[in-house]
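J.: Here you go, protein_36.pdb (PDB, C-alpha atoms, pLDDT in the B column):
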ATOM      1  CA  MET A   2      -1.368  33.562  75.813  1.00 55.00           C
ATOM      2  CA  ASP A   3      -0.820  30.160  77.270  1.00 58.00           C
ATOM      3  CA  PRO A   4       2.758  29.026  76.426  1.00 64.00           C
ATOM      4  CA  ARG A   5       1.479  25.589  75.350  1.00 62.00           C
ATOM      5  CA  ILE A   6      -0.937  27.112  72.812  1.00 63.00           C
ATOM      6  CA  ARG A   7       1.785  29.346  71.556  1.00 62.00           C
ATOM      7  CA  ARG A   8       4.168  26.436  71.017  1.00 67.00           C
ATOM      8  CA  ARG A   9       1.419  24.522  69.255  1.00 64.00           C
ATOM      9  CA  ARG A  10       0.835  27.391  66.835  1.00 63.00           C
ATOM     10  CA  ILE A  11       4.554  27.644  66.123  1.00 62.00           C
ATOM     11  CA  ASP A  12       4.736  23.888  65.448  1.00 61.00           C
ATOM     12  CA  VAL A  13       1.748  24.055  63.065  1.00 57.00           C
ATOM     13  CA  ARG A  14       3.342  26.919  61.111  1.00 65.00           C
ATOM     14  CA  ARG A  15       6.638  25.039  60.906  1.00 63.00           C
ATOM     15  CA  ASP A  16       4.840  21.947  59.567  1.00 62.00           C
ATOM     16  CA  GLU A  17       3.048  24.035  56.962  1.00 69.00           C
ATOM     17  CA  GLY A  18       6.364  25.585  55.924  1.00 62.00           C
ATOM     18  CA  ARG A  19       7.996  22.172  55.608  1.00 63.00           C
ATOM     19  CA  ARG A  20       5.049  20.895  53.538  1.00 69.00           C
ATOM     20  CA  ARG A  21       5.245  23.875  51.187  1.00 65.00           C
ATOM     21  CA  LEU A  22       8.984  23.357  50.853  1.00 57.00           C
ATOM     22  CA  ARG A  23       8.501  19.660  49.992  1.00 66.00           C
ATOM     23  CA  ILE A  24       5.895  20.571  47.349  1.00 72.00           C
ATOM     24  CA  LEU A  25       8.200  23.216  45.888  1.00 62.00           C
ATOM     25  CA  LEU A  26      11.146  20.834  45.787  1.00 59.00           C
ATOM     26  CA  GLY A  27       8.944  18.178  44.177  1.00 65.00           C
ATOM     27  CA  CYS A  28       7.807  20.582  41.440  1.00 62.00           C
ATOM     28  CA  VAL A  29      11.373  21.689  40.809  1.00 54.00           C
ATOM     29  CA  SER A  30      12.491  18.049  40.583  1.00 57.00           C
ATOM     30  CA  VAL A  31       9.774  17.264  38.024  1.00 54.00           C
ATOM     31  CA  VAL A  32      10.762  20.268  35.919  1.00 51.00           C
ATOM     32  CA  VAL A  33      14.416  19.286  36.079  1.00 46.00           C
ATOM     33  CA  VAL A  34      13.642  15.693  35.078  1.00 46.00           C
ATOM     34  CA  VAL A  35      11.523  16.875  32.128  1.00 45.00           C
ATOM     35  CA  LEU A  36      14.219  19.279  30.953  1.00 43.00           C
ATOM     36  CA  VAL A  37      16.924  16.644  31.278  1.00 45.00           C
ATOM     37  CA  THR A  38      14.763  14.100  29.406  1.00 49.00           C
ATOM     38  CA  VAL A  39      14.029  16.527  26.580  1.00 47.00           C
ATOM     39  CA  ALA A  40      17.683  17.515  26.339  1.00 45.00           C
ATOM     40  CA  ALA A  41      18.780  13.872  26.352  1.00 48.00           C
ATOM     41  CA  GLY A  42      16.160  12.964  23.758  1.00 46.00           C
ATOM     42  CA  ARG A  43      17.640  15.509  21.379  1.00 51.00           C
ATOM     43  CA  SER A  44      21.229  14.567  22.039  1.00 51.00           C
ATOM     44  CA  PRO A  45      23.214  12.513  19.499  1.00 58.00           C
ATOM     45  CA  LEU A  46      22.782   9.510  21.799  1.00 63.00           C
ATOM     46  CA  PHE A  47      19.097   9.328  20.804  1.00 77.00           C
ATOM     47  CA  ASP A  48      19.321  10.055  17.083  1.00 92.00           C
ATOM     48  CA  VAL A  49      17.796   7.589  14.597  1.00 94.00           C
ATOM     49  CA  ASP A  50      20.736   5.231  14.146  1.00 94.00           C
ATOM     50  CA  TYR A  51      18.905   2.422  12.338  1.00 95.00           C
ATOM     51  CA  VAL A  52      15.739   2.012  10.272  1.00 96.00           C
ATOM     52  CA  ASP A  53      14.325  -1.511  10.533  1.00 97.00           C
ATOM     53  CA  VAL A  54      12.308  -2.140   7.350  1.00 97.00           C
ATOM     54  CA  ARG A  55      10.153  -5.278   7.243  1.00 97.00           C
ATOM     55  CA  GLY A  56       7.918  -6.737   4.525  1.00 97.00           C
ATOM     56  CA  ALA A  57       9.561  -4.910   1.602  1.00 96.00           C
ATOM     57  CA  ASP A  58      10.517  -7.379  -1.127  1.00 96.00           C
ATOM     58  CA  GLN A  59      10.134  -5.083  -4.148  1.00 96.00           C
ATOM     59  CA  THR A  60      10.945  -1.780  -2.427  1.00 97.00           C
ATOM     60  CA  ALA A  61      14.575  -0.941  -1.708  1.00 96.00           C
ATOM     61  CA  ARG A  62      15.402  -0.117   1.911  1.00 96.00           C
ATOM     62  CA  ARG A  63      17.220   3.051   0.836  1.00 96.00           C
ATOM     63  CA  ASP A  64      14.035   4.281  -0.860  1.00 97.00           C
ATOM     64  CA  VAL A  65      12.018   3.660   2.308  1.00 98.00           C
ATOM     65  CA  VAL A  66      14.593   5.536   4.419  1.00 97.00           C
ATOM     66  CA  ALA A  67      14.651   8.458   1.992  1.00 97.00           C
ATOM     67  CA  ALA A  68      10.859   8.635   1.663  1.00 97.00           C
ATOM     68  CA  GLY A  69      10.455   8.555   5.432  1.00 97.00           C
ATOM     69  CA  GLY A  70      12.875  11.480   5.846  1.00 95.00           C
ATOM     70  CA  LEU A  71      15.124   9.419   8.106  1.00 96.00           C
ATOM     71  CA  GLY A  72      18.370   9.592   6.157  1.00 92.00           C
ATOM     72  CA  GLU A  73      19.716  12.589   8.098  1.00 92.00           C
ATOM     73  CA  HIS A  74      19.442  10.797  11.472  1.00 92.00           C
ATOM     74  CA  PRO A  75      16.869  13.075  13.141  1.00 94.00           C
ATOM     75  CA  ALA A  76      16.274  12.961  16.878  1.00 93.00           C
ATOM     76  CA  LEU A  77      14.078   9.969  17.652  1.00 94.00           C
ATOM     77  CA  LEU A  78      11.862  12.186  19.793  1.00 92.00           C
ATOM     78  CA  ASP A  79      11.099  14.363  16.750  1.00 93.00           C
ATOM     79  CA  VAL A  80      10.060  11.522  14.425  1.00 96.00           C
ATOM     80  CA  ASP A  81       6.380  11.767  13.470  1.00 97.00           C
ATOM     81  CA  THR A  82       5.589   8.104  12.807  1.00 97.00           C
ATOM     82  CA  THR A  83       2.248   8.883  11.161  1.00 97.00           C
ATOM     83  CA  ALA A  84       3.893  11.245   8.677  1.00 97.00           C
ATOM     84  CA  VAL A  85       6.690   8.741   8.015  1.00 98.00           C
ATOM     85  CA  ALA A  86       4.157   6.008   7.186  1.00 98.00           C
ATOM     86  CA  ARG A  87       2.169   8.342   4.911  1.00 98.00           C
ATOM     87  CA  ARG A  88       5.281   9.290   2.922  1.00 97.00           C
ATOM     88  CA  VAL A  89       6.398   5.672   2.581  1.00 98.00           C
ATOM     89  CA  GLU A  90       2.932   4.729   1.263  1.00 97.00           C
ATOM     90  CA  ALA A  91       3.551   7.080  -1.671  1.00 96.00           C
ATOM     91  CA  LEU A  92       6.211   4.664  -2.995  1.00 97.00           C
ATOM     92  CA  PRO A  93       4.965   2.671  -6.007  1.00 96.00           C
ATOM     93  CA  TRP A  94       4.904  -0.811  -4.461  1.00 97.00           C
ATOM     94  CA  VAL A  95       3.721   0.147  -0.962  1.00 98.00           C
ATOM     95  CA  LEU A  96       0.073  -0.522  -0.139  1.00 97.00           C
ATOM     96  CA  ARG A  97       0.267   0.083   3.621  1.00 97.00           C
ATOM     97  CA  ALA A  98       3.011   1.178   6.012  1.00 98.00           C
ATOM     98  CA  ALA A  99       3.185   1.478   9.792  1.00 98.00           C
ATOM     99  CA  ALA A 100       6.069   3.134  11.638  1.00 98.00           C
ATOM    100  CA  ARG A 101       7.005   3.155  15.306  1.00 97.00           C
ATOM    101  CA  ARG A 102       9.880   4.362  17.455  1.00 96.00           C
ATOM    102  CA  GLU A 103      12.001   1.863  19.353  1.00 94.00           C
ATOM    103  CA  TRP A 104      14.365   3.382  21.897  1.00 92.00           C
ATOM    104  CA  PRO A 105      17.150   4.246  22.029  1.00 91.00           C
ATOM    105  CA  GLY A 106      17.696   4.798  18.291  1.00 93.00           C
ATOM    106  CA  THR A 107      15.561   2.699  15.930  1.00 95.00           C
ATOM    107  CA  VAL A 108      12.536   3.381  13.745  1.00 97.00           C
ATOM    108  CA  ARG A 109      10.724   0.227  12.648  1.00 98.00           C
ATOM    109  CA  ILE A 110       8.636   0.364   9.446  1.00 98.00           C
ATOM    110  CA  ASP A 111       6.335  -2.537   8.588  1.00 98.00           C
ATOM    111  CA  ILE A 112       5.281  -2.609   4.940  1.00 98.00           C
ATOM    112  CA  THR A 113       2.545  -4.442   3.045  1.00 98.00           C
ATOM    113  CA  GLU A 114       3.330  -4.397  -0.656  1.00 98.00           C
ATOM    114  CA  ARG A 115       0.956  -4.337  -3.597  1.00 97.00           C
ATOM    115  CA  ARG A 116       0.511  -7.350  -5.839  1.00 95.00           C
ATOM    116  CA  PRO A 117       0.719  -7.056  -9.633  1.00 94.00           C
ATOM    117  CA  ALA A 118      -2.506  -7.866 -11.473  1.00 93.00           C
ATOM    118  CA  ALA A 119      -1.759  -7.034 -15.108  1.00 94.00           C
ATOM    119  CA  VAL A 120       0.776  -5.794 -17.641  1.00 93.00           C
ATOM    120  CA  LEU A 121       0.227  -2.736 -19.841  1.00 92.00           C
ATOM    121  CA  PRO A 122       2.167  -1.545 -22.893  1.00 90.00           C
ATOM    122  CA  ALA A 123       4.184   1.521 -21.874  1.00 90.00           C
ATOM    123  CA  ALA A 124       6.029   4.221 -23.788  1.00 85.00           C
ATOM    124  CA  ALA A 125       9.061   3.424 -25.962  1.00 86.00           C
ATOM    125  CA  GLY A 126       8.222  -0.262 -26.294  1.00 88.00           C
ATOM    126  CA  GLN A 127       8.395  -0.903 -22.547  1.00 93.00           C
ATOM    127  CA  TRP A 128       5.938  -2.623 -20.218  1.00 94.00           C
ATOM    128  CA  ALA A 129       4.170  -1.378 -17.088  1.00 93.00           C
ATOM    129  CA  LEU A 130       3.259  -3.571 -14.162  1.00 94.00           C
ATOM    130  CA  ALA A 131      -0.017  -2.508 -12.452  1.00 95.00           C
ATOM    131  CA  ASP A 132      -1.930  -3.638  -9.375  1.00 94.00           C
ATOM    132  CA  ARG A 133      -5.697  -4.033  -9.137  1.00 91.00           C
ATOM    133  CA  THR A 134      -6.189  -0.433  -7.966  1.00 91.00           C
ATOM    134  CA  GLY A 135      -4.488   0.963 -11.080  1.00 92.00           C
ATOM    135  CA  ARG A 136      -1.173   1.938  -9.472  1.00 95.00           C
ATOM    136  CA  ILE A 137       1.790   1.530 -11.830  1.00 95.00           C
ATOM    137  CA  LEU A 138       4.341  -0.477  -9.874  1.00 96.00           C
ATOM    138  CA  ARG A 139       7.224  -0.607 -12.311  1.00 95.00           C
ATOM    139  CA  ILE A 140       8.215   0.235 -15.883  1.00 94.00           C
ATOM    140  CA  THR A 141      10.423  -2.438 -17.404  1.00 93.00           C
ATOM    141  CA  GLY A 142      11.904  -3.367 -20.746  1.00 92.00           C
ATOM    142  CA  ASP A 143      11.021  -7.047 -20.411  1.00 91.00           C
ATOM    143  CA  LYS A 144       7.438  -8.221 -20.502  1.00 90.00           C
ATOM    144  CA  PRO A 145       6.604  -9.884 -17.142  1.00 88.00           C
ATOM    145  CA  ALA A 146       5.338 -13.423 -17.596  1.00 87.00           C
ATOM    146  CA  GLY A 147       2.189 -14.957 -16.180  1.00 87.00           C
ATOM    147  CA  LEU A 148       0.037 -11.821 -16.125  1.00 91.00           C
ATOM    148  CA  PRO A 149      -2.756 -10.727 -18.495  1.00 91.00           C
ATOM    149  CA  VAL A 150      -2.103  -7.807 -20.813  1.00 93.00           C
ATOM    150  CA  ILE A 151      -4.350  -4.744 -20.727  1.00 93.00           C
ATOM    151  CA  GLY A 152      -4.630  -3.169 -24.164  1.00 85.00           C
ATOM    152  CA  ASN A 153      -6.438  -0.313 -25.864  1.00 81.00           C
ATOM    153  CA  ILE A 154      -5.177   2.425 -23.511  1.00 81.00           C
ATOM    154  CA  ASP A 155      -2.801   5.387 -23.584  1.00 82.00           C
ATOM    155  CA  PRO A 156       0.631   4.201 -22.409  1.00 80.00           C
ATOM    156  CA  PRO A 157       1.529   4.972 -18.773  1.00 81.00           C
ATOM    157  CA  GLN A 158       4.735   6.955 -18.309  1.00 80.00           C
ATOM    158  CA  ARG A 159       6.135   6.331 -14.821  1.00 89.00           C
ATOM    159  CA  ALA A 160       5.999   4.155 -11.736  1.00 92.00           C
ATOM    160  CA  GLY A 161       3.698   5.489  -9.031  1.00 92.00           C
ATOM    161  CA  ALA A 162       1.231   6.975 -11.514  1.00 91.00           C
ATOM    162  CA  SER A 163      -2.289   5.669 -12.061  1.00 91.00           C
ATOM    163  CA  VAL A 164      -3.508   3.955 -15.200  1.00 90.00           C
ATOM    164  CA  PRO A 165      -6.036   5.844 -17.335  1.00 86.00           C
ATOM    165  CA  ALA A 166      -9.618   5.549 -16.135  1.00 86.00           C
ATOM    166  CA  ALA A 167     -10.521   3.655 -19.297  1.00 86.00           C
ATOM    167  CA  ALA A 168      -8.328   0.740 -18.174  1.00 88.00           C
ATOM    168  CA  ARG A 169      -9.949   0.239 -14.776  1.00 90.00           C
ATOM    169  CA  PRO A 170     -12.770  -2.083 -15.922  1.00 93.00           C
ATOM    170  CA  SER A 171     -10.161  -4.320 -17.550  1.00 94.00           C
ATOM    171  CA  LEU A 172      -8.057  -4.253 -14.383  1.00 92.00           C
ATOM    172  CA  ARG A 173     -11.025  -5.391 -12.312  1.00 93.00           C
ATOM    173  CA  VAL A 174     -11.326  -8.398 -14.591  1.00 95.00           C
ATOM    174  CA  ALA A 175      -7.574  -9.093 -14.625  1.00 94.00           C
ATOM    175  CA  ALA A 176      -7.426  -9.155 -10.830  1.00 92.00           C
ATOM    176  CA  VAL A 177      -9.963 -12.019 -10.546  1.00 94.00           C
ATOM    177  CA  LEU A 178      -9.165 -14.171 -13.573  1.00 94.00           C
ATOM    178  CA  PRO A 179      -8.973 -17.855 -12.579  1.00 93.00           C
ATOM    179  CA  ALA A 180      -5.642 -19.445 -13.483  1.00 91.00           C
ATOM    180  CA  SER A 181      -7.294 -21.748 -16.025  1.00 91.00           C
ATOM    181  CA  VAL A 182      -8.745 -18.745 -17.861  1.00 94.00           C
ATOM    182  CA  ARG A 183      -5.702 -16.498 -17.498  1.00 92.00           C
ATOM    183  CA  LEU A 184      -3.554 -18.993 -19.402  1.00 90.00           C
ATOM    184  CA  ARG A 185      -5.937 -18.727 -22.379  1.00 92.00           C
ATOM    185  CA  VAL A 186      -6.141 -14.915 -22.452  1.00 93.00           C
ATOM    186  CA  ALA A 187      -3.811 -12.904 -24.674  1.00 91.00           C
ATOM    187  CA  ASP A 188      -5.284  -9.458 -24.074  1.00 92.00           C
ATOM    188  CA  ILE A 189      -7.979  -7.660 -22.068  1.00 95.00           C
ATOM    189  CA  ALA A 190      -9.530  -4.469 -23.389  1.00 93.00           C
ATOM    190  CA  THR A 191     -12.230  -2.009 -22.410  1.00 91.00           C
ATOM    191  CA  VAL A 192     -13.893  -1.468 -25.768  1.00 90.00           C
ATOM    192  CA  ARG A 193     -16.651   1.088 -25.103  1.00 85.00           C
ATOM    193  CA  ASP A 194     -18.840   2.328 -22.270  1.00 86.00           C
ATOM    194  CA  GLY A 195     -16.919   0.213 -19.745  1.00 89.00           C
ATOM    195  CA  LEU A 196     -17.582  -3.069 -21.588  1.00 94.00           C
ATOM    196  CA  VAL A 197     -14.760  -5.612 -21.384  1.00 96.00           C
ATOM    197  CA  GLU A 198     -13.589  -8.112 -23.990  1.00 96.00           C
ATOM    198  CA  LEU A 199     -10.926 -10.824 -23.810  1.00 96.00           C
ATOM    199  CA  GLN A 200      -8.815 -11.791 -26.792  1.00 94.00           C
ATOM    200  CA  LEU A 201      -7.916 -15.485 -26.542  1.00 94.00           C
ATOM    201  CA  VAL A 202      -4.584 -16.999 -27.508  1.00 90.00           C
ATOM    202  CA  PRO A 203      -4.574 -19.069 -30.744  1.00 87.00           C
ATOM    203  CA  PRO A 204      -6.724 -20.584 -32.085  1.00 84.00           C
ATOM    204  CA  GLY A 205      -8.145 -17.241 -31.004  1.00 83.00           C
ATOM    205  CA  GLY A 206     -11.598 -15.871 -30.537  1.00 91.00           C
ATOM    206  CA  VAL A 207     -13.092 -13.028 -28.524  1.00 95.00           C
ATOM    207  CA  VAL A 208     -14.886 -13.294 -25.181  1.00 97.00           C
ATOM    208  CA  ARG A 209     -17.539 -10.683 -24.479  1.00 96.00           C
ATOM    209  CA  LEU A 210     -17.855 -10.113 -20.731  1.00 97.00           C
ATOM    210  CA  GLY A 211     -19.849  -6.900 -20.826  1.00 96.00           C
ATOM    211  CA  PRO A 212     -19.536  -4.628 -17.780  1.00 95.00           C
ATOM    212  CA  PRO A 213     -17.247  -5.898 -14.975  1.00 94.00           C
ATOM    213  CA  VAL A 214     -20.106  -7.111 -12.734  1.00 94.00           C
ATOM    214  CA  ASP A 215     -21.065 -10.647 -11.681  1.00 95.00           C
ATOM    215  CA  LEU A 216     -17.513 -11.609 -12.598  1.00 96.00           C
ATOM    216  CA  ASP A 217     -17.374 -14.779 -10.502  1.00 95.00           C
ATOM    217  CA  GLU A 218     -20.368 -16.190 -12.364  1.00 96.00           C
ATOM    218  CA  LYS A 219     -19.253 -15.011 -15.800  1.00 97.00           C
ATOM    219  CA  LEU A 220     -15.706 -16.321 -15.418  1.00 97.00           C
ATOM    220  CA  SER A 221     -16.902 -19.625 -13.996  1.00 96.00           C
ATOM    221  CA  VAL A 222     -19.092 -20.141 -17.069  1.00 96.00           C
ATOM    222  CA  LEU A 223     -16.235 -19.090 -19.345  1.00 96.00           C
ATOM    223  CA  ALA A 224     -13.869 -21.569 -17.698  1.00 95.00           C
ATOM    224  CA  ALA A 225     -16.384 -24.356 -18.328  1.00 94.00           C
ATOM    225  CA  VAL A 226     -16.789 -23.364 -21.998  1.00 93.00           C
ATOM    226  CA  LEU A 227     -13.018 -23.211 -22.539  1.00 92.00           C
ATOM    227  CA  ALA A 228     -12.573 -26.617 -20.936  1.00 91.00           C
ATOM    228  CA  ARG A 229     -15.351 -28.426 -22.837  1.00 89.00           C
ATOM    229  CA  ALA A 230     -15.988 -26.736 -26.177  1.00 85.00           C
ATOM    230  CA  ASP A 231     -14.154 -27.311 -29.433  1.00 84.00           C
ATOM    231  CA  LEU A 232     -12.591 -23.884 -29.940  1.00 81.00           C
ATOM    232  CA  ALA A 233     -11.457 -24.455 -33.527  1.00 84.00           C
ATOM    233  CA  GLY A 234     -12.997 -21.746 -35.647  1.00 86.00           C
ATOM    234  CA  VAL A 235     -14.612 -19.973 -32.694  1.00 89.00           C
ATOM    235  CA  GLY A 236     -15.279 -16.299 -33.326  1.00 92.00           C
ATOM    236  CA  VAL A 237     -17.105 -15.067 -30.216  1.00 95.00           C
ATOM    237  CA  ILE A 238     -17.881 -16.512 -26.798  1.00 96.00           C
ATOM    238  CA  ASP A 239     -20.565 -14.346 -25.211  1.00 96.00           C
ATOM    239  CA  VAL A 240     -21.008 -14.670 -21.430  1.00 96.00           C
ATOM    240  CA  ARG A 241     -22.592 -11.274 -20.834  1.00 96.00           C
ATOM    241  CA  VAL A 242     -25.647 -13.236 -19.653  1.00 96.00           C
ATOM    242  CA  PRO A 243     -23.908 -16.087 -17.801  1.00 94.00           C
ATOM    243  CA  ARG A 244     -27.051 -18.210 -17.536  1.00 94.00           C
ATOM    244  CA  ALA A 245     -27.281 -18.235 -21.344  1.00 94.00           C
ATOM    245  CA  PRO A 246     -23.765 -18.267 -22.823  1.00 94.00           C
ATOM    246  CA  ALA A 247     -23.466 -18.198 -26.605  1.00 93.00           C
ATOM    247  CA  LEU A 248     -20.697 -19.446 -28.881  1.00 92.00           C
ATOM    248  CA  THR A 249     -20.419 -18.163 -32.441  1.00 92.00           C
ATOM    249  CA  ARG A 250     -18.037 -19.607 -34.998  1.00 89.00           C
ATOM    250  CA  ARG A 251     -16.341 -17.692 -37.757  1.00 83.00           C
TER     251      ARG A 251
END
As structure tokens, what does this structure read like?
T.:
Amino acid sequence: MDPRIRRRRIDVRRDEGRRRLRILLGCVSVVVVVLVTVAAGRSPLFDVDYVDVRGADQTARRDVVAAGGLGEHPALLDVDTTAVARRVEALPWVLRAAARREWPGTVRIDITERRPAAVLPAAAGQWALADRTGRILRITGDKPAGLPVIGNIDPPQRAGASVPAAARPSLRVAAVLPASVRLRVADIATVRDGLVELQLVPPGGVVRLGPPVDLDEKLSVLAAVLARADLAGVGVIDVRVPRAPALTRR
């Protein structure tokens, strides 16, 4: 064999060997980096050292941390942010939660809280604060001011529970009451078959709304009646057919 061809073949084989060696070293380096990263991510240096809670006015930070399972300082790499958010949303006041990891050791949780829509009599002479979806936000001994009262229901027992189904039509009304009407309403009740009635503050009277549909129109008509009519001796204000309201005196 020609010596030049022979040398050429030897050089080609050496180049192939060097290329394979570079590939092998590259693969080993990647594996080492991954292993080191995983090991570092589970070291105490990358534990959850701080939980940054934002948007929680009614929910205590300690309750958010406990609900999210972050109180034991887990490794940040192991934190399932979707699961954390889902557990935090089970807290009474929390409507929505979003969690994310921020290296090297922080979990940030952004919270949107529910808004109270009505007050309900609770067990043992207490009061329950509820949002428009029927979630009980808080049980308290003092009656919260400025909110309509939902009556004619079984008393709720604990925060985080849902109001009885019979109260939901009344809650739908409570959530959209104009301020001018809300100030004149003493009590909201679902009387039968999902029909809603309002008990007015003295001099009194009952407002028949019917089913909780077309509420904007019904409540607009009611606001006009309350503003213009002489309510002395009024027994019933019927706005079930808002285009033809009726006022009956005692």
J.: Out of A:Val208, A:Val150, A:Leu130, A:Ala91, which residue has the shortest atom-to-atom distance to A:Ala68 when counting only C-alpha atoms?
T.: A:Ala91
J.: Counting only C-alpha atoms, write as a PyMOL selection string all protein and nucleic acid residues lying at most 7 Å from (-7.0, -21.0, -33.9) in the file's frame.
T.: chain A and resi 203-205+233-234
J.: Would you mind reading off the distance between atom CA of A:Ile140 and atom CA of A:Pro157, one decimal, in Å?
T.: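 Separating atom CA of A:Ile140 from atom CA of A:Pro157 is a distance of 8.7 Å.
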J.: Name every residue that the PyMOL selection byres ((chain A and resi 198) around 7) selects in this structure, writing the answer as a list in words with chains first and numbers rising.
T.: Ile189, Ala190, Thr191, Val192, Leu196, Val197, Leu199, Gln200, Val207, Val208, Arg209 and Leu210 of chain A
J.: With C-alpha atoms kept, could you save the residues just selected as a PDB file, in the frame of the given file?
T.:
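Saved result, part-v2.pdb, follows:
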ATOM      1  CA  ILE A 189      -7.979  -7.660 -22.068  1.00 95.00           C
ATOM      2  CA  ALA A 190      -9.530  -4.469 -23.389  1.00 93.00           C
ATOM      3  CA  THR A 191     -12.230  -2.009 -22.410  1.00 91.00           C
ATOM      4  CA  VAL A 192     -13.893  -1.468 -25.768  1.00 90.00           C
ATOM      5  CA  LEU A 196     -17.582  -3.069 -21.588  1.00 94.00           C
ATOM      6  CA  VAL A 197     -14.760  -5.612 -21.384  1.00 96.00           C
ATOM      7  CA  LEU A 199     -10.926 -10.824 -23.810  1.00 96.00           C
ATOM      8  CA  GLN A 200      -8.815 -11.791 -26.792  1.00 94.00           C
ATOM      9  CA  VAL A 207     -13.092 -13.028 -28.524  1.00 95.00           C
ATOM     10  CA  VAL A 208     -14.886 -13.294 -25.181  1.00 97.00           C
ATOM     11  CA  ARG A 209     -17.539 -10.683 -24.479  1.00 96.00           C
ATOM     12  CA  LEU A 210     -17.855 -10.113 -20.731  1.00 97.00           C
TER      13      LEU A 210
END
J.: Given the PyMOL selection byres ((chain A and resi 82) around 9) and the file above, list the residues it selects as a ChimeraX atom specification.
T.: /A:69,80-81,83-87,99-102,108,110
J.: Once you have the residues from the selection above, write them out as a tab-separated table (two decimals), in the frame of the given file, restricted to C-alpha atoms.
T.:
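Okay, result20.tsv is ready:
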chain	number	residue	atom	x	y	z
A	69	GLY	CA	10.46	8.56	5.43
A	80	VAL	CA	10.06	11.52	14.42
A	81	ASP	CA	6.38	11.77	13.47
A	83	THR	CA	2.25	8.88	11.16
A	84	ALA	CA	3.89	11.24	8.68
A	85	VAL	CA	6.69	8.74	8.02
A	86	ALA	CA	4.16	6.01	7.19
A	87	ARG	CA	2.17	8.34	4.91
A	99	ALA	CA	3.18	1.48	9.79
A	100	ALA	CA	6.07	3.13	11.64
A	101	ARG	CA	7.00	3.16	15.31
A	102	ARG	CA	9.88	4.36	17.45
A	108	VAL	CA	12.54	3.38	13.74
A	110	ILE	CA	8.64	0.36	9.45
J.: Apply the PyMOL selection byres ((chain A and resi 119) around 9) to the structure shown and report the selected residues as a list of chain:residue names.
T.: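 On the file shown, the PyMOL selection byres ((chain A and resi 119) around 9) covers A:Pro117, A:Ala118, A:Val120, A:Leu121, A:Ala129, A:Leu130, A:Ala131, A:Asp132, A:Arg133, A:Gly147, A:Leu148, A:Pro149, A:Val150, A:Ile151, A:Leu172, A:Ala175, A:Ala176.
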J.: May I have the selected residues written with C-alpha atoms, as a compact mmCIF listing (two decimals), in the coordinates of the input?
T.:
# COMPACT_ATOMS: atom_id res chain seq x y z
CA PRO A 117 0.72 -7.06 -9.63
CA ALA A 118 -2.51 -7.87 -11.47
CA VAL A 120 0.78 -5.79 -17.64
CA LEU A 121 0.23 -2.74 -19.84
CA ALA A 129 4.17 -1.38 -17.09
CA LEU A 130 3.26 -3.57 -14.16
CA ALA A 131 -0.02 -2.51 -12.45
CA ASP A 132 -1.93 -3.64 -9.38
CA ARG A 133 -5.70 -4.03 -9.14
CA GLY A 147 2.19 -14.96 -16.18
CA LEU A 148 0.04 -11.82 -16.12
CA PRO A 149 -2.76 -10.73 -18.50
CA VAL A 150 -2.10 -7.81 -20.81
CA ILE A 151 -4.35 -4.74 -20.73
CA LEU A 172 -8.06 -4.25 -14.38
CA ALA A 175 -7.57 -9.09 -14.62
CA ALA A 176 -7.43 -9.15 -10.83
J.: Rank nothing, just name the residue among A:Asp111, A:Glu73, A:Arg88, A:Arg136 nearest to A:Arg55, using all atoms listed in the file.
T.: A:Asp111
J.: For A:Pro179, which residue out of A:Val214, A:Val235, A:Ile112, A:Leu223 is the nearest one, using all atoms listed in the file?
T.: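 Between A:Val214, A:Val235, A:Ile112, A:Leu223, the residue approaching A:Pro179 most closely is A:Leu223.
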J.: How many Å separate atom CA of A:Pro122 from atom CA of A:Arg185?
T.: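 Those two atoms sit 19.0 Å apart.
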J.: I'd like the neighbourhood of A:Ala230 as a ChimeraX atom specification, where a residue qualifies if any of its atoms comes within 12 Å (using only C-alpha atoms), though same-chain residues fewer than 5 positions away should be ignored.
T.: /A:222-225,235,238,246-250
J.: Rank A:Leu227, A:Ala187, A:Ala98, A:Leu216 by their smallest atom-to-atom distance to A:Val202, using all atoms listed in the file, and report the top residue only.
T.: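 Looking only at the distances to A:Val202, the closest residue turns out to be A:Ala187.
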J.: If you measure from atom CA of A:Val240 to atom CA of A:Lys219, what distance in Å do you get, rounded to one decimal?
T.: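 Distance reported for this atom pair: 5.9 Å.
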J.: Pick from A:Gly70, A:Gly106, A:Gly206, A:Pro156: nearest to A:Tyr51, with all atoms listed in the file counted?
T.: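 Between A:Gly70, A:Gly106, A:Gly206, A:Pro156, the residue approaching A:Tyr51 most closely is A:Gly106.
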J.: Near A:Gln158, within 12 Å and counting only C-alpha atoms, which residues show up once chain neighbours fewer than 4 positions away are dropped, as an mmCIF file with C-alpha atoms, keeping the file's coordinate frame?
T.:
data_model
loop_
_atom_site.group_PDB
_atom_site.id
_atom_site.type_symbol
_atom_site.label_atom_id
_atom_site.label_comp_id
_atom_site.auth_asym_id
_atom_site.auth_seq_id
_atom_site.Cartn_x
_atom_site.Cartn_y
_atom_site.Cartn_z
ATOM 1 C CA LEU A 121 0.227 -2.736 -19.841
ATOM 2 C CA PRO A 122 2.167 -1.545 -22.893
ATOM 3 C CA ALA A 123 4.184 1.521 -21.874
ATOM 4 C CA ALA A 124 6.029 4.221 -23.788
ATOM 5 C CA ALA A 125 9.061 3.424 -25.962
ATOM 6 C CA GLY A 126 8.222 -0.262 -26.294
ATOM 7 C CA GLN A 127 8.395 -0.903 -22.547
ATOM 8 C CA TRP A 128 5.938 -2.623 -20.218
ATOM 9 C CA ALA A 129 4.170 -1.378 -17.088
ATOM 10 C CA LEU A 130 3.259 -3.571 -14.162
ATOM 11 C CA ARG A 136 -1.173 1.938 -9.472
ATOM 12 C CA ILE A 137 1.790 1.530 -11.830
ATOM 13 C CA LEU A 138 4.341 -0.477 -9.874
ATOM 14 C CA ARG A 139 7.224 -0.607 -12.311
ATOM 15 C CA ILE A 140 8.215 0.235 -15.883
ATOM 16 C CA THR A 141 10.423 -2.438 -17.404
ATOM 17 C CA ALA A 162 1.231 6.975 -11.514
ATOM 18 C CA SER A 163 -2.289 5.669 -12.061
ATOM 19 C CA VAL A 164 -3.508 3.955 -15.200
ATOM 20 C CA PRO A 165 -6.036 5.844 -17.335
#
